[in-house]
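Student: Input file: entry-v9.txt. Contents: compact mmCIF, C-alpha atoms.
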# COMPACT_ATOMS: atom_id res chain seq x y z
CA MET G 1 33.59 3.07 -8.56
CA GLN G 2 31.02 2.45 -5.84
CA TYR G 3 27.25 2.43 -5.72
CA ILE G 4 25.53 3.37 -2.47
CA ILE G 5 21.99 2.02 -2.61
CA GLU G 6 19.30 3.04 -0.15
CA ARG G 7 15.90 1.38 -0.24
CA ARG G 8 12.85 3.31 0.98
CA GLY G 9 9.14 2.58 1.25
CA GLY G 10 7.53 -0.82 1.15
CA LEU G 11 4.68 -1.94 3.41
CA ALA G 12 6.97 -1.88 6.44
CA GLY G 13 8.52 1.51 5.65
CA LEU G 14 11.81 0.02 6.79
CA ARG G 15 14.91 1.61 5.30
CA ALA G 16 17.74 -0.58 4.09
CA SER G 17 21.03 0.22 2.42
CA CYS G 18 24.22 -1.28 1.09
CA THR G 19 27.37 -0.29 -0.74
CA LEU G 20 28.39 -2.19 -3.84
CA ASP G 21 31.68 -2.19 -5.65
CA GLY G 22 31.12 -1.61 -9.37
CA ASP G 23 33.46 -4.44 -10.32
CA ALA G 24 31.43 -6.89 -8.25
CA LEU G 25 28.30 -6.30 -10.30
CA ASP G 26 27.19 -8.41 -13.22
CA PRO G 27 28.20 -6.42 -16.35
CA GLY G 28 24.62 -6.35 -17.62
CA ASP G 29 23.24 -5.10 -14.31
CA ARG G 30 25.97 -2.50 -14.10
CA GLU G 31 25.16 -1.29 -17.60
CA THR G 32 21.48 -1.00 -16.66
CA LEU G 33 22.35 0.99 -13.53
CA GLU G 34 24.60 3.28 -15.54
CA GLN G 35 21.85 3.92 -18.07
CA LEU G 36 19.39 4.69 -15.30
CA LEU G 37 21.81 7.08 -13.59
CA ASP G 38 22.83 8.88 -16.77
CA GLY G 39 19.46 8.98 -18.52
CA ASP G 40 17.79 12.28 -19.28
CA GLU G 41 14.24 11.00 -19.18
CA PRO G 42 12.27 11.10 -15.93
CA LEU G 43 11.91 7.67 -14.39
CA GLY G 44 8.58 8.52 -12.79
CA THR G 45 7.16 6.57 -9.90
CA ASP G 46 5.59 3.14 -9.74
CA CYS G 47 1.81 3.07 -9.63
CA GLY G 48 -0.01 2.02 -6.50
CA ALA G 49 1.21 1.96 -2.92
CA ASP G 50 3.78 0.26 -0.71
CA ARG G 51 6.28 0.09 -3.58
CA TYR G 52 9.99 0.29 -2.93
CA THR G 53 12.04 3.23 -4.16
CA TYR G 54 15.83 3.08 -4.46
CA VAL G 55 18.08 6.09 -4.03
CA VAL G 56 21.25 5.16 -5.89
CA THR G 57 24.43 7.20 -5.51
CA ARG G 58 27.38 6.55 -7.80
CA GLN G 59 30.74 7.65 -6.45
CA SER G 60 33.68 7.74 -8.81
CA SER G 61 36.80 9.78 -9.50
CA SER G 62 34.75 11.97 -11.83
CA GLY G 63 32.17 12.87 -9.21
CA THR G 64 28.96 11.83 -7.52
CA THR G 65 25.58 11.20 -9.12
CA THR G 66 22.39 10.43 -7.20
CA ARG G 67 19.05 9.38 -8.63
CA GLU G 68 15.78 8.03 -7.28
CA ILE G 69 14.84 4.83 -9.08
CA PRO G 70 11.48 3.00 -8.84
CA GLU G 71 11.76 -0.67 -7.97
CA SER G 72 10.24 -1.85 -11.23
CA VAL G 73 13.27 -0.53 -13.09
CA MET G 74 15.98 -1.73 -10.72
CA PRO G 75 17.81 -4.86 -11.85
CA SER G 76 16.38 -7.56 -9.58
CA THR G 77 19.78 -9.01 -8.73
CA VAL G 78 20.96 -5.62 -7.50
CA ALA G 79 17.75 -5.00 -5.59
CA SER G 80 18.00 -8.37 -3.87
CA VAL G 81 21.35 -7.43 -2.33
CA VAL G 82 19.69 -4.63 -0.35
CA THR G 83 18.25 -6.33 2.69
CA ALA G 84 16.73 -4.97 5.88
CA ASP G 85 19.12 -4.76 8.78
CA ILE G 86 17.39 -4.76 12.15
CA MET M 1 -1.12 7.41 -6.80
CA CYS M 2 1.57 7.38 -9.43
CA ASP M 3 3.04 9.63 -12.02
CA ARG M 4 0.14 9.52 -14.48
CA GLY M 5 2.28 10.93 -17.23
CA ASN M 6 4.58 7.97 -16.85
CA ARG M 7 2.18 5.42 -15.50
CA PHE M 8 3.81 2.21 -16.60
CA ILE M 9 5.39 -0.12 -14.08
CA VAL M 10 8.59 0.08 -16.07
CA PRO M 11 8.94 3.38 -17.89
CA MET M 12 8.50 2.67 -21.56
CA ALA M 13 11.52 4.69 -22.61
CA VAL M 14 13.74 2.61 -20.35
CA LEU M 15 12.28 -0.66 -21.56
CA ARG M 16 12.65 0.30 -25.19
CA ARG M 17 16.22 1.37 -24.65
CA LEU M 18 17.04 -1.92 -22.97
CA ALA M 19 15.26 -3.87 -25.70
CA ASP M 20 17.38 -2.14 -28.32
CA ASP M 21 20.64 -2.66 -26.46
CA ASP M 22 22.53 -5.37 -28.30
CA SER M 23 24.85 -5.86 -25.34
CA PHE M 24 22.00 -7.84 -23.74
CA PRO M 25 21.32 -11.44 -24.74
CA GLU M 26 18.65 -11.72 -27.43
CA GLU M 27 16.52 -13.84 -25.11
CA SER M 28 16.43 -11.03 -22.53
CA ARG M 29 15.68 -8.40 -25.16
CA GLU M 30 12.80 -10.46 -26.49
CA ALA M 31 11.37 -10.82 -22.98
CA ILE M 32 11.59 -7.05 -22.52
CA ARG M 33 9.82 -6.46 -25.84
CA GLU M 34 7.02 -8.80 -24.75
CA SER M 35 6.76 -6.98 -21.43
CA VAL M 36 6.33 -3.69 -23.25
CA ALA M 37 3.43 -5.07 -25.27
CA VAL M 38 1.65 -6.88 -22.45
CA GLU M 39 2.23 -4.27 -19.79
CA THR M 40 0.99 -1.44 -21.97
CA THR M 41 -2.28 -3.12 -22.84
CA TRP M 42 -2.99 -4.56 -19.42
CA ARG M 43 -2.22 -1.42 -17.47
CA GLU M 44 -4.07 0.87 -19.83
CA LEU M 45 -7.17 -1.28 -19.49
CA ARG M 46 -7.02 -1.24 -15.71
CA ASN M 47 -6.35 2.51 -15.55
CA ALA M 48 -9.16 3.20 -17.96
CA HIS M 49 -11.41 1.16 -15.71
CA THR M 50 -10.34 3.21 -12.67
CA ASP M 51 -11.02 6.49 -14.45
CA ALA M 52 -14.33 5.39 -15.94
CA THR M 53 -15.67 3.99 -12.69
CA ARG M 54 -14.74 7.05 -10.67
CA ALA M 55 -16.26 9.36 -13.29
CA SER M 56 -19.51 7.42 -13.57
CA LEU M 57 -20.04 7.20 -9.82
CA LEU M 58 -19.30 10.89 -9.43
CA ALA M 59 -21.59 11.88 -12.28
CA ALA M 60 -24.46 9.78 -10.98
CA LYS M 61 -23.86 10.85 -7.37
CA ILE M 62 -24.21 7.20 -6.44
CA THR M 63 -23.28 6.23 -2.91
CA GLY M 64 -21.52 3.01 -2.03
CA LEU M 65 -24.60 1.49 -0.44
CA ASP M 66 -26.89 2.29 -3.39
CA PHE M 67 -24.47 0.83 -5.87
CA ALA M 68 -23.87 -2.35 -3.90
CA VAL M 69 -27.60 -2.95 -3.67
CA ALA M 70 -27.97 -2.45 -7.43
CA LEU M 71 -25.22 -4.98 -8.16
CA THR M 72 -25.91 -8.48 -6.97
CA THR M 73 -22.93 -10.30 -8.41
CA ASP M 74 -20.03 -10.99 -6.09
CA PRO M 75 -16.67 -9.89 -7.45
CA ALA M 76 -14.52 -12.68 -8.83
CA ILE M 77 -11.33 -13.47 -6.90
CA THR M 78 -8.33 -14.75 -8.79
CA VAL M 79 -4.89 -15.85 -7.61
CA TYR M 80 -1.74 -16.03 -9.72
CA ASP M 81 1.59 -17.65 -8.93
CA CYS M 82 4.70 -15.67 -9.89
CA LYS M 83 6.85 -18.72 -9.14
CA ASN M 84 9.54 -16.49 -7.62
CA THR M 85 9.83 -14.26 -10.67
CA ARG M 86 8.96 -10.56 -10.88
CA SER M 87 6.64 -11.07 -13.82
CA LEU M 88 3.06 -10.02 -13.10
CA PRO M 89 0.49 -11.36 -12.81
CA GLY M 90 2.10 -14.84 -13.13
CA SER M 91 0.40 -18.16 -13.86
CA PRO M 92 -3.24 -18.58 -12.84
CA VAL M 93 -3.90 -20.87 -9.88
CA SER M 94 -6.89 -23.06 -10.63
CA ARG M 95 -9.32 -23.45 -7.73
CA PRO M 96 -7.22 -21.40 -5.28
CA GLY M 97 -9.79 -21.91 -2.53
CA SER M 98 -8.89 -25.59 -2.39
CA SER M 99 -5.24 -25.28 -3.38
CA THR M 100 -2.61 -27.38 -1.61
CA ASP M 101 -0.42 -24.26 -1.66
CA ASP M 102 -1.24 -22.64 1.70
CA THR M 103 -0.27 -19.20 0.39
CA ALA M 104 -2.67 -19.45 -2.55
CA LYS M 105 -5.49 -20.67 -0.34
CA ARG M 106 -4.80 -17.98 2.26
CA ALA M 107 -4.70 -15.20 -0.35
CA PHE M 108 -8.00 -16.43 -1.80
CA ASP M 109 -9.83 -17.00 1.49
CA THR M 110 -8.69 -13.75 3.06
CA THR M 111 -9.50 -11.70 -0.03
CA ARG M 112 -12.97 -13.28 0.00
CA ALA M 113 -13.32 -12.26 3.63
CA VAL M 114 -12.25 -8.69 2.82
CA VAL M 115 -14.95 -8.57 0.13
CA ASP M 116 -17.54 -9.70 2.69
CA TYR M 117 -16.24 -7.16 5.21
CA TYR M 118 -16.58 -4.25 2.80
CA GLN M 119 -20.02 -5.42 1.65
CA GLN M 120 -21.44 -6.06 5.09
CA CYS M 121 -19.89 -3.16 6.99
CA PHE M 122 -19.79 -0.42 4.36
CA GLY M 123 -22.09 -1.54 1.54
CA ARG M 124 -19.18 -1.58 -0.89
CA ASN M 125 -18.96 -4.00 -3.81
CA SER M 126 -15.24 -4.67 -4.36
CA VAL M 127 -12.59 -1.96 -4.37
CA ASP M 128 -14.21 0.01 -7.18
CA ASP M 129 -17.76 -0.42 -5.81
CA ALA M 130 -18.64 -1.93 -9.17
CA GLY M 131 -17.67 -5.56 -8.63
CA MET M 132 -14.13 -5.38 -9.98
CA THR M 133 -12.30 -8.72 -10.11
CA LEU M 134 -9.71 -8.88 -7.37
CA MET M 135 -6.38 -10.24 -8.53
CA SER M 136 -3.64 -11.42 -6.20
CA SER M 137 -0.17 -12.56 -7.20
CA ILE M 138 1.78 -14.70 -4.74
CA HIS M 139 5.37 -15.94 -4.50
CA TYR M 140 6.54 -12.69 -6.11
CA GLY M 141 10.30 -12.41 -6.56
CA VAL M 142 12.99 -14.23 -4.62
CA ARG M 143 12.86 -13.81 -0.84
CA TYR M 144 10.90 -10.64 -1.52
CA ASP M 145 10.28 -8.67 1.70
CA ASN M 146 7.15 -6.81 0.74
CA ALA M 147 3.52 -6.72 -0.34
CA PHE M 148 2.09 -3.99 -2.54
CA TRP M 149 -0.86 -2.70 -4.53
CA ASN M 150 0.30 -1.75 -8.02
CA GLY M 151 -2.77 0.21 -9.03
CA ALA M 152 -4.51 -2.85 -10.43
CA GLN M 153 -3.84 -5.84 -8.17
CA MET M 154 -2.29 -7.13 -4.93
CA THR M 155 1.18 -8.69 -4.87
CA TYR M 156 2.74 -10.70 -2.04
CA GLY M 157 6.32 -11.79 -1.46
CA ASP M 158 7.43 -14.83 0.53
CA GLY M 159 9.79 -12.82 2.76
CA ASP M 160 13.44 -13.56 3.37
CA GLY M 161 12.62 -16.05 6.14
CA ARG M 162 14.69 -14.00 8.58
CA VAL M 163 13.14 -10.55 9.14
CA PHE M 164 9.93 -11.34 7.28
CA ILE M 165 7.93 -14.40 6.31
CA ASP M 166 5.08 -14.90 3.83
CA PHE M 167 3.18 -11.62 3.55
CA THR M 168 -0.21 -13.36 3.28
CA LYS M 169 0.14 -14.54 6.89
CA SER M 170 -1.31 -11.37 8.46
CA ASP M 171 -4.90 -10.83 7.42
CA ASP M 172 -4.65 -7.11 8.24
CA VAL M 173 -1.92 -6.88 5.58
CA ILE M 174 -4.30 -8.24 2.95
CA GLY M 175 -6.97 -5.83 4.19
CA HIS M 176 -4.37 -3.05 4.01
CA GLU M 177 -3.43 -3.74 0.39
CA LEU M 178 -7.04 -4.05 -0.80
CA THR M 179 -7.89 -0.80 0.95
CA HIS M 180 -5.30 0.96 -1.21
CA GLY M 181 -7.59 -0.05 -4.06
CA VAL M 182 -10.59 1.44 -2.28
CA THR M 183 -8.69 4.69 -1.72
CA GLN M 184 -7.65 4.76 -5.37
CA PHE M 185 -11.28 4.57 -6.48
CA THR M 186 -12.56 7.09 -3.92
CA ALA M 187 -10.49 10.01 -2.63
CA GLY M 188 -7.61 9.01 -4.91
CA LEU M 189 -5.13 10.31 -2.34
CA ASP M 190 -1.73 11.34 -3.65
CA TYR M 191 1.19 9.34 -2.33
CA THR M 192 3.24 12.21 -0.92
CA ASP M 193 3.16 14.50 2.09
CA GLU M 194 0.06 14.49 4.31
CA SER M 195 -2.22 12.93 1.69
CA GLY M 196 0.27 10.10 1.28
CA ALA M 197 0.35 9.51 5.03
CA LEU M 198 -3.47 9.59 5.08
CA ASN M 199 -3.48 7.05 2.26
CA GLU M 200 -1.31 4.71 4.33
CA SER M 201 -3.25 5.36 7.52
CA ILE M 202 -6.58 4.54 5.89
CA SER M 203 -5.13 1.21 4.76
CA ASP M 204 -3.88 0.51 8.29
CA ALA M 205 -7.19 1.52 9.87
CA PHE M 206 -9.37 -0.54 7.55
CA GLY M 207 -6.89 -3.43 7.67
CA ALA M 208 -6.92 -3.44 11.48
CA MET M 209 -10.72 -3.14 11.49
CA PHE M 210 -10.95 -6.07 9.09
CA HIS M 211 -8.88 -8.19 11.50
CA GLN M 212 -11.15 -7.16 14.39
CA TRP M 213 -14.32 -7.82 12.37
CA ARG M 214 -13.08 -11.24 11.33
CA ASN M 215 -12.43 -12.12 14.97
CA THR M 216 -15.53 -10.33 16.33
CA GLN M 217 -13.33 -8.22 18.59
CA ALA M 218 -14.45 -5.15 20.49
CA VAL M 219 -12.02 -2.23 20.45
CA ALA M 220 -10.93 -2.97 24.01
CA ASP M 221 -9.93 -6.52 23.06
CA ALA M 222 -8.01 -5.62 19.89
CA ASP M 223 -4.21 -5.51 19.75
CA TRP M 224 -4.11 -2.66 17.18
CA LEU M 225 -0.93 -4.11 15.68
CA ILE M 226 -0.18 -3.98 11.96
CA GLY M 227 1.47 -7.02 10.42
CA PRO M 228 2.28 -9.13 13.50
CA GLY M 229 2.02 -12.33 11.44
CA VAL M 230 4.64 -11.40 8.84
CA LEU M 231 7.55 -10.95 11.25
CA GLY M 232 10.28 -13.54 10.87
CA PRO M 233 12.33 -15.29 13.56
CA ALA M 234 15.16 -12.73 13.60
CA ALA M 235 12.71 -9.86 14.17
CA ILE M 236 10.83 -11.75 16.89
CA ALA M 237 14.09 -12.74 18.60
CA LYS M 238 14.97 -9.05 18.87
CA GLY M 239 11.69 -8.28 20.60
CA TYR M 240 9.74 -6.81 17.72
CA ASN M 241 6.05 -7.72 17.53
CA CYS M 242 4.67 -5.71 14.61
CA LEU M 243 5.35 -3.31 11.77
CA ARG M 244 3.31 -0.57 13.41
CA ASN M 245 1.16 -0.12 16.51
CA MET M 246 -1.85 2.17 16.19
CA ALA M 247 -2.28 2.34 19.98
CA ASP M 248 1.36 3.23 20.58
CA PRO M 249 2.94 4.36 17.29
CA GLY M 250 6.31 5.10 18.90
CA SER M 251 6.64 1.69 20.56
CA ARG M 252 10.12 0.18 20.43
CA GLN M 253 8.50 -3.15 19.61
CA CYS M 254 7.54 -1.77 16.18
CA LEU M 255 9.92 -2.38 13.30
CA SER M 256 8.95 1.08 12.09
CA PRO M 257 8.18 3.42 15.01
CA GLN M 258 6.11 6.44 14.08
CA PRO M 259 5.16 9.87 15.43
CA SER M 260 1.77 10.03 17.11
CA HIS M 261 1.31 13.81 17.33
CA TYR M 262 1.38 16.44 14.60
CA SER M 263 4.11 18.35 16.42
CA ASP M 264 6.41 15.45 15.48
CA TYR M 265 5.41 15.37 11.78
CA VAL M 266 8.43 14.57 9.63
CA SER M 267 8.57 16.99 6.72
CA GLY M 268 9.31 15.07 3.52
CA GLY M 269 8.93 11.78 5.41
CA ASP M 270 7.77 8.48 4.00
CA PRO M 271 3.97 8.02 4.00
CA HIS M 272 4.49 5.02 6.33
CA GLU M 273 6.21 7.28 8.84
CA ASN M 274 3.71 10.10 9.22
CA SER M 275 0.71 7.78 9.00
CA GLY M 276 1.27 7.22 12.73
CA ILE M 277 -0.54 10.51 13.44
CA PRO M 278 -3.90 9.71 11.77
CA ASN M 279 -3.45 6.07 12.83
CA HIS M 280 -3.39 7.17 16.43
CA ALA M 281 -6.38 9.45 15.86
CA PHE M 282 -8.33 6.45 14.58
CA TYR M 283 -7.30 4.32 17.56
CA LEU M 284 -8.23 7.07 20.04
CA SER M 285 -11.55 7.65 18.26
CA ALA M 286 -12.44 3.96 18.30
CA THR M 287 -11.56 3.53 21.96
CA ASN M 288 -13.42 6.73 22.91
CA VAL M 289 -16.53 5.60 21.05
CA GLY M 290 -16.19 2.02 22.22
CA GLY M 291 -17.96 -1.11 21.02
CA ARG M 292 -16.86 -2.55 17.70
CA SER M 293 -14.72 -0.31 15.55
CA TRP M 294 -16.52 -0.98 12.28
CA GLU M 295 -19.97 -0.13 13.62
CA LYS M 296 -19.51 3.58 14.32
CA THR M 297 -15.94 4.90 14.04
CA GLY M 298 -15.29 2.87 10.89
CA LYS M 299 -18.46 4.18 9.27
CA VAL M 300 -17.39 7.73 10.04
CA TRP M 301 -13.93 7.17 8.51
CA TYR M 302 -15.50 5.51 5.46
CA ALA M 303 -17.92 8.43 4.98
CA ALA M 304 -14.98 10.85 5.09
CA LEU M 305 -12.96 8.80 2.60
CA THR M 306 -15.88 8.57 0.16
CA SER M 307 -17.13 12.11 0.65
CA PRO M 308 -17.43 14.24 -2.50
CA LYS M 309 -15.41 16.81 -0.55
CA ALA M 310 -12.45 14.44 -0.22
CA ASP M 311 -9.76 15.23 -2.75
CA SER M 312 -6.43 13.79 -3.74
CA SER M 313 -4.29 16.35 -1.93
CA MET M 314 -6.27 16.27 1.29
CA SER M 315 -4.40 17.29 4.45
CA PHE M 316 -4.78 15.86 7.95
CA ASP M 317 -6.91 18.75 9.17
CA GLN M 318 -9.19 18.53 6.14
CA PHE M 319 -9.73 14.83 6.76
CA ALA M 320 -10.31 15.51 10.46
CA ALA M 321 -12.99 18.05 9.51
CA LEU M 322 -14.69 15.49 7.26
CA THR M 323 -14.78 12.92 10.06
CA ARG M 324 -16.19 15.48 12.52
CA SER M 325 -18.87 16.37 9.99
CA ALA M 326 -19.64 12.71 9.25
CA ALA M 327 -19.90 11.90 12.96
CA ARG M 328 -22.58 14.57 13.36
CA SER M 329 -24.53 13.61 10.25
CA LEU M 330 -24.36 9.82 10.67
CA PHE M 331 -25.02 9.75 14.40
CA PRO M 332 -27.05 12.88 15.19
CA ARG M 333 -28.60 11.34 18.31
CA ASP M 334 -25.41 9.79 19.61
CA ARG M 335 -23.28 12.79 20.54
CA ASP M 336 -20.64 10.54 22.09
CA VAL M 337 -19.49 9.59 18.60
CA TYR M 338 -18.77 13.19 17.68
CA ARG M 339 -17.22 13.91 21.08
CA GLY M 340 -14.99 10.82 20.86
CA ILE M 341 -13.73 11.68 17.41
CA ASP M 342 -13.29 15.36 18.21
CA ASP M 343 -11.27 14.48 21.30
CA ALA M 344 -9.09 12.07 19.34
CA TRP M 345 -8.12 14.60 16.68
CA THR M 346 -7.52 17.23 19.37
CA ARG M 347 -5.13 14.88 21.17
CA VAL M 348 -3.02 14.31 18.04
CA GLY M 349 -2.78 18.04 17.30
CA PHE M 350 -5.96 19.02 15.46
CA PRO M 351 -8.36 20.81 17.79
CA GLN M 352 -11.75 21.78 16.41
CA PRO M 353 -11.33 25.27 14.92
CA ASP M 354 -14.89 26.26 15.89
CA ILE M 355 -15.14 25.54 19.60
CA SER M 356 -18.77 26.63 19.73
CA VAL M 357 -19.84 23.52 17.78
Once you've parsed the file, please lay out its structure as structure tokens.
Tutor:
Amino acid sequence: MQYIIERRGGLAGLRASCTLDGDALDPGDRETLEQLLDGDEPLGTDCGADRYTYVVTRQSSSGTTTREIPESVMPSTVASVVTADI
Amino acid sequence: MCDRGNRFIVPMAVLRRLADDDSFPEESREAIRESVAVETTWRELRNAHTDATRASLLAAKITGLDFAVALTTDPAITVYDCKNTRSLPGSPVSRPGSSTDDTAKRAFDTTRAVVDYYQQCFGRNSVDDAGMTLMSSIHYGVRYDNAFWNGAQMTYGDGDGRVFIDFTKSDDVIGHELTHGVTQFTAGLDYTDESGALNESISDAFGAMFHQWRNTQAVADADWLIGPGVLGPAAIAKGYNCLRNMADPGSRQCLSPQPSHYSDYVSGGDPHENSGIPNHAFYLSATNVGGRSWEKTGKVWYAALTSPKADSSMSFDQFAALTRSAARSLFPRDRDVYRGIDDAWTRVGFPQPDISV
């Protein structure tokens, strides 16, 4: 299973992305990501301006799921892997 | 500026689910439960303040200048240290103005200067025009490459040291973030589509003007760059010199090049992308009018932002119309102001619909 994570927004408006192998993630972080991807409730958007938004795509043998996730909900260790590439 | 039906920084349903998940360590679950309690109370108070202030000013038809004159107390400025966590607001910094932490001192001093700028140039008392305490949190997260306004306060990361450095190091960035607060309490612009791009552009324009005001720069002497001081060594080594350039939004020296004409508007684009169009209109207006940006062009933009006719879903052409109207009403004997602003909007794709005016 793979997670393709794209970061949008922020003061700079600079896009960043990375691909993570599911097995490489901390089990707790992976569980949080799974809950966010599979949840029925709307995640909403973070208040204010210049916040990051993450578009997370899960690719597995059972299909592809994509969801937009506000930065306040993203596990910080996962978010920190996504760095700007210039 | 956010989903008001789900206004919490971390959606409550998600937090509660995580707090109830016994696969997490008890220590983590307890921290989440505490976050739910604190975040709910704190954010509700701040949002209630936003709503009440906007309603009272609207009901009383009080202008920014009137209100600032009525209130004599300067807004308090507080600085908090997140100590590289993502917990807001963090620990209070005592006497930030004389702190040995350069970031704390810079956040305090620059925020104070932004307060003076809004008071002296636009007659505005803090972001809410009612003396609201201005909170800044520094050292947010680990190598965090961003600064943001969360609807209640400013937050600054230290940068990764490669592409970005400390986000308090560009005073226009601090002016930019505080201006998001001003926009929230005035037009309340939505954060999508054209209104979202206007929201970002207004923060860039007032942030750039703040930098010029602080350095007593005339428009011809200004660099019109956004965030030159937050670029790290890797970005500088590659030839970048800013996040955005209001004079030349498409410049290859910008980390985030932007369109400068409405014909290049990116449908569904990020607010930071399409803000290049009104950014360029502001730059062209200011250079057409000349002098110091905050004395005429800035006053026109401020009048448009605070106009009772400004609404949260405002489009570019609606904002352009408000600035044209404000130019005529604020400077009836100085037709060059109207002509300069009219020409600027025309050049970015918004000609005056009524050419007889």
Student: Go through M:Ala326, M:Ala130, M:Ala321, M:Val289 one by one, measure the shortest atom-to-atom distance of each to Thr346 in chain M using all atoms listed in the file, and give the residue with the smallest value.
Tutor: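 When distances to Thr346 in chain M are compared using all atoms listed in the file, the smallest one comes from M:Ala321.
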Student: Distance cut-off 10 Å, counting only C-alpha atoms - which residues of chain G neighbour chain M? Return them as a PyMOL selection string.
Tutor: chain G and resi 8-15+27-29+31-32+35-36+39+41-52+70-74+76-77+79-80+83-86
Student: Could those residues be written to a file, using C-alpha atoms, as a CSV table (one decimal), in the coordinates of the input?
Tutor:
chain,number,residue,atom,x,y,z
G,8,ARG,CA,12.8,3.3,1.0
G,9,GLY,CA,9.1,2.6,1.2
G,10,GLY,CA,7.5,-0.8,1.2
G,11,LEU,CA,4.7,-1.9,3.4
G,12,ALA,CA,7.0,-1.9,6.4
G,13,GLY,CA,8.5,1.5,5.6
G,14,LEU,CA,11.8,0.0,6.8
G,15,ARG,CA,14.9,1.6,5.3
G,27,PRO,CA,28.2,-6.4,-16.4
G,28,GLY,CA,24.6,-6.4,-17.6
G,29,ASP,CA,23.2,-5.1,-14.3
G,31,GLU,CA,25.2,-1.3,-17.6
G,32,THR,CA,21.5,-1.0,-16.7
G,35,GLN,CA,21.8,3.9,-18.1
G,36,LEU,CA,19.4,4.7,-15.3
G,39,GLY,CA,19.5,9.0,-18.5
G,41,GLU,CA,14.2,11.0,-19.2
G,42,PRO,CA,12.3,11.1,-15.9
G,43,LEU,CA,11.9,7.7,-14.4
G,44,GLY,CA,8.6,8.5,-12.8
G,45,THR,CA,7.2,6.6,-9.9
G,46,ASP,CA,5.6,3.1,-9.7
G,47,CYS,CA,1.8,3.1,-9.6
G,48,GLY,CA,0.0,2.0,-6.5
G,49,ALA,CA,1.2,2.0,-2.9
G,50,ASP,CA,3.8,0.3,-0.7
G,51,ARG,CA,6.3,0.1,-3.6
G,52,TYR,CA,10.0,0.3,-2.9
G,70,PRO,CA,11.5,3.0,-8.8
G,71,GLU,CA,11.8,-0.7,-8.0
G,72,SER,CA,10.2,-1.8,-11.2
G,73,VAL,CA,13.3,-0.5,-13.1
G,74,MET,CA,16.0,-1.7,-10.7
G,76,SER,CA,16.4,-7.6,-9.6
G,77,THR,CA,19.8,-9.0,-8.7
G,79,ALA,CA,17.8,-5.0,-5.6
G,80,SER,CA,18.0,-8.4,-3.9
G,83,THR,CA,18.2,-6.3,2.7
G,84,ALA,CA,16.7,-5.0,5.9
G,85,ASP,CA,19.1,-4.8,8.8
G,86,ILE,CA,17.4,-4.8,12.2
Student: Measure the distance from CA of Pro228 in chain M to CA of Val182 in chain M in Å and round it to one decimal.
Tutor: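 CA of Val182 in chain M lies at a distance of 22.9 Å from CA of Pro228 in chain M.
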Student: Rounded to one decimal, what separation in Å do you get between CA of Ala208 in chain M and CA of Gln258 in chain M?
Tutor: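 Interatomic distance here is 16.6 Å.
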Student: Would you kindly return, as a list in words, each protein, DNA or RNA residue with an atom no farther than 6 Å from any atom of Arg58 in chain G, considering only C-alpha atoms and excluding same-chain residues fewer than 6 positions away?
Tutor: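 The filter keeps Gln2, Tyr3, Thr64 and Thr65 of chain G.
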Student: Mind filling out range 307-317 of chain M with N, CA and C atoms and sending it as a compact mmCIF listing (two decimals), in the frame of the given file?
Tutor:
# COMPACT_ATOMS: atom_id res chain seq x y z
N SER M 307 -16.42 10.84 0.78
CA SER M 307 -17.13 12.11 0.65
C SER M 307 -16.78 12.80 -0.67
N PRO M 308 -17.75 13.44 -1.30
CA PRO M 308 -17.43 14.24 -2.50
C PRO M 308 -16.44 15.36 -2.20
N LYS M 309 -16.34 15.73 -0.92
CA LYS M 309 -15.41 16.81 -0.55
C LYS M 309 -13.98 16.30 -0.36
N ALA M 310 -13.80 14.99 -0.37
CA ALA M 310 -12.45 14.44 -0.22
C ALA M 310 -11.71 14.58 -1.55
N ASP M 311 -10.51 15.12 -1.50
CA ASP M 311 -9.76 15.23 -2.75
C ASP M 311 -8.36 14.66 -2.59
N SER M 312 -7.68 14.54 -3.70
CA SER M 312 -6.43 13.79 -3.74
C SER M 312 -5.30 14.41 -2.92
N SER M 313 -5.37 15.70 -2.68
CA SER M 313 -4.29 16.35 -1.93
C SER M 313 -4.71 16.69 -0.49
N MET M 314 -5.70 15.97 -0.02
CA MET M 314 -6.27 16.27 1.29
C MET M 314 -5.22 16.24 2.40
N SER M 315 -5.32 17.21 3.30
CA SER M 315 -4.40 17.29 4.45
C SER M 315 -5.05 16.63 5.66
N PHE M 316 -4.26 16.47 6.72
CA PHE M 316 -4.78 15.86 7.95
C PHE M 316 -5.97 16.66 8.49
N ASP M 317 -5.82 17.98 8.55
CA ASP M 317 -6.91 18.75 9.17
C ASP M 317 -8.17 18.74 8.31
